[in-house]
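Here's the structure, in structure tokens; my notes come after.
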Amino acid sequence: MQTIFVAPIEEIVKKRISVRTYNVTEITTELKNQINAYISQLSSPFSTKVKFKLLESKTALNSAKLGTYGVIKGATDYIGATVKAEEFALEALGYEFEKLILYAASLGLGTCWLGGTFKRGEFAKAMRVKEDELFPAISPFGYAAEKRSMTDSLVRFLAKGDTRKSWSELFFQEDFSTPLTKVEAGEYAIPLEMLRLAPSASNKQPWRIVKNKQMYHFFECKSPGYSTSFGYDIQRIDMGIAACHFHLAALEYNLHGEFKQVSTQQITVPKDTLYAFSWVAE
């Protein structure tokens with residue numbers, strides 16, 4: 001699984017922000033080829049393979065007018081992702097797409113996860129989405145403008161894009177009643193911090209992690225009614241994003257293990273919280 005970036009993952013995660021306003025600088029063919037080469041090697045700990053496609057709004061299939069309801073300004077290039085509707089499909093898409101977004105950030109490019117604010121029908125034509133595929137997300141990519149648009153600033157303010165939940169709200173020891181400290185996390189403190197800083201739909205940060213011996217159990221704290229309009233649980237993509245940040249940091253610090261599902265019957269789970277998967281350290 002390739003993890004090569006031009007800077008440490010910790011540095012990339014801390015610097016990367018969602019960019020909604022882009023300047024007119026064109027992305028070279030050479031750079032697009034470099035991104036496509038990276039895409040061809042992408043994989044995740046989950047079984048489903050994700051398909052990516054670079055799209056240009058000026059040359060989209062059937063001259064489709066790709067749009068984002070005014071949320072994105074100045075972008076002409078986008079990345080779309082589709083995945084077959086299988087178990088852990090959305091988690092796989094979240095993991096691989098976030099890894100690609102971090103790679104783009106390492107190259108100096110801006111990106112922005114879009115799940116519900118793009119004209120899905122027009123992009124679906126350009127993506128050639130099949131009946132058995134999910135098409136939950138796209139991202140523009142390009143060079144950030146020096147000044148944000150008013151819409152950009154408003155969206156960031158409403159989503160509280162610069163804030164994240166505290167450790168005591170997200171990470172726990174043995175059960176959900178005991179917060180996990182950075183000291184208790186030990187060598188996994190940095191992977192957990194990178195997870196804490198991960199982006200999520202509407203910045204809801206649905207991940208909750210319970211440490212038990214050499215295992216880190218990932219739970220999804222669902223926002224009731226949030227995903228009903230999508231036809232699938234969009235917060236499962238967030239769980240894949242969380243796994244990506246955690247895993248890349250763990251690998252960079254030579255911490256080995258694997259993601260799998262294990263029994264968590266001994267843990268009393270809060271309301272609207274579902275077990276997703278676990279990291280089992282070697």
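A note on labels: chains of the structure tokens are A, B, ... as shown, every chain counts residues from 1, and ligands are counted from 1 in their shown order.
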I need the residues in region 38-118 of chain A that are helix (DSSP H, G or I) according to DSSP; give them as a PDB file with N, CA and C atoms, in the first residue's frame.
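That gives us result_31.pdb:
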ATOM      1  N   TYR A  38      -0.960   8.055  -9.323  1.00  0.00           N
ATOM      2  CA  TYR A  38      -1.192   7.774  -7.903  1.00  0.00           C
ATOM      3  C   TYR A  38      -2.517   7.041  -7.717  1.00  0.00           C
ATOM      4  N   ILE A  39      -3.532   7.474  -8.451  1.00  0.00           N
ATOM      5  CA  ILE A  39      -4.844   6.820  -8.372  1.00  0.00           C
ATOM      6  C   ILE A  39      -4.741   5.344  -8.731  1.00  0.00           C
ATOM      7  N   LEU A  61     -18.253  14.752 -20.481  1.00  0.00           N
ATOM      8  CA  LEU A  61     -18.988  13.905 -21.412  1.00  0.00           C
ATOM      9  C   LEU A  61     -20.334  14.521 -21.766  1.00  0.00           C
ATOM     10  N   ASN A  62     -20.689  14.506 -23.062  1.00  0.00           N
ATOM     11  CA  ASN A  62     -21.958  15.056 -23.559  1.00  0.00           C
ATOM     12  C   ASN A  62     -22.108  16.539 -23.238  1.00  0.00           C
ATOM     13  N   SER A  63     -20.968  17.210 -23.055  1.00  0.00           N
ATOM     14  CA  SER A  63     -20.973  18.647 -22.748  1.00  0.00           C
ATOM     15  C   SER A  63     -21.799  18.971 -21.515  1.00  0.00           C
ATOM     16  N   ALA A  89     -18.248  -0.625   1.346  1.00  0.00           N
ATOM     17  CA  ALA A  89     -17.985   0.156   0.141  1.00  0.00           C
ATOM     18  C   ALA A  89     -17.742   1.621   0.469  1.00  0.00           C
ATOM     19  N   LEU A  90     -18.588   2.191   1.303  1.00  0.00           N
ATOM     20  CA  LEU A  90     -18.471   3.611   1.631  1.00  0.00           C
ATOM     21  C   LEU A  90     -17.223   3.884   2.467  1.00  0.00           C
ATOM     22  N   GLU A  91     -16.885   2.964   3.350  1.00  0.00           N
ATOM     23  CA  GLU A  91     -15.657   3.115   4.132  1.00  0.00           C
ATOM     24  C   GLU A  91     -14.432   3.076   3.209  1.00  0.00           C
ATOM     25  N   ALA A  92     -14.459   2.167   2.236  1.00  0.00           N
ATOM     26  CA  ALA A  92     -13.348   2.075   1.284  1.00  0.00           C
ATOM     27  C   ALA A  92     -13.218   3.358   0.481  1.00  0.00           C
ATOM     28  N   LEU A  93     -14.359   3.908   0.048  1.00  0.00           N
ATOM     29  CA  LEU A  93     -14.331   5.153  -0.728  1.00  0.00           C
ATOM     30  C   LEU A  93     -13.789   6.295   0.123  1.00  0.00           C
ATOM     31  N   GLY A  94     -14.243   6.374   1.377  1.00  0.00           N
ATOM     32  CA  GLY A  94     -13.740   7.425   2.249  1.00  0.00           C
ATOM     33  C   GLY A  94     -12.245   7.330   2.461  1.00  0.00           C
ATOM     34  N   TYR A  95     -11.750   6.120   2.662  1.00  0.00           N
ATOM     35  CA  TYR A  95     -10.319   5.894   2.899  1.00  0.00           C
ATOM     36  C   TYR A  95      -9.503   6.292   1.668  1.00  0.00           C
ATOM     37  N   GLU A  96      -9.866   5.742   0.509  1.00  0.00           N
ATOM     38  CA  GLU A  96      -9.060   5.988  -0.692  1.00  0.00           C
ATOM     39  C   GLU A  96      -9.148   7.438  -1.160  1.00  0.00           C
ATOM     40  N   PHE A  97     -10.349   8.016  -1.107  1.00  0.00           N
ATOM     41  CA  PHE A  97     -10.515   9.396  -1.569  1.00  0.00           C
ATOM     42  C   PHE A  97      -9.743  10.359  -0.666  1.00  0.00           C
ATOM     43  N   GLU A  98      -9.803  10.128   0.654  1.00  0.00           N
ATOM     44  CA  GLU A  98      -9.068  11.005   1.563  1.00  0.00           C
ATOM     45  C   GLU A  98      -7.560  10.866   1.349  1.00  0.00           C
ATOM     46  N   LYS A  99      -7.114   9.658   1.073  1.00  0.00           N
ATOM     47  CA  LYS A  99      -5.697   9.457   0.797  1.00  0.00           C
ATOM     48  C   LYS A  99      -5.283  10.235  -0.451  1.00  0.00           C
ATOM     49  N   LEU A 100      -6.141  10.240  -1.456  1.00  0.00           N
ATOM     50  CA  LEU A 100      -5.884  11.001  -2.680  1.00  0.00           C
ATOM     51  C   LEU A 100      -5.902  12.504  -2.395  1.00  0.00           C
ATOM     52  N   ILE A 101      -6.838  12.946  -1.581  1.00  0.00           N
ATOM     53  CA  ILE A 101      -6.928  14.365  -1.227  1.00  0.00           C
ATOM     54  C   ILE A 101      -5.678  14.811  -0.470  1.00  0.00           C
ATOM     55  N   LEU A 102      -5.193  13.978   0.442  1.00  0.00           N
ATOM     56  CA  LEU A 102      -3.963  14.317   1.160  1.00  0.00           C
ATOM     57  C   LEU A 102      -2.762  14.352   0.210  1.00  0.00           C
ATOM     58  N   TYR A 103      -2.760  13.448  -0.765  1.00  0.00           N
ATOM     59  CA  TYR A 103      -1.690  13.468  -1.759  1.00  0.00           C
ATOM     60  C   TYR A 103      -1.744  14.766  -2.563  1.00  0.00           C
ATOM     61  N   ALA A 104      -2.948  15.179  -2.984  1.00  0.00           N
ATOM     62  CA  ALA A 104      -3.101  16.435  -3.718  1.00  0.00           C
ATOM     63  C   ALA A 104      -2.626  17.611  -2.876  1.00  0.00           C
ATOM     64  N   ALA A 105      -2.951  17.576  -1.586  1.00  0.00           N
ATOM     65  CA  ALA A 105      -2.505  18.639  -0.683  1.00  0.00           C
ATOM     66  C   ALA A 105      -0.989  18.682  -0.594  1.00  0.00           C
ATOM     67  N   SER A 106      -0.351  17.517  -0.616  1.00  0.00           N
ATOM     68  CA  SER A 106       1.108  17.460  -0.547  1.00  0.00           C
ATOM     69  C   SER A 106       1.752  18.053  -1.798  1.00  0.00           C
TER      70      SER A 106
END
Q: Give me every strand (DSSP E or B) residue in region 81-273 of chain A, going by DSSP on the backbone, as number ranges by chain.
A: A: 81-84, 110-111, 114, 133-142, 144, 171-173, 179, 207-212, 215-221, 257-260, 273
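The list of residues with at least one atom within 6 Å of region 6-19 of chain A, based on only C-alpha atoms and without residues fewer than 5 positions apart in the same chain, reads Ser106, Gly110, Thr111 and Cys112 of chain A.
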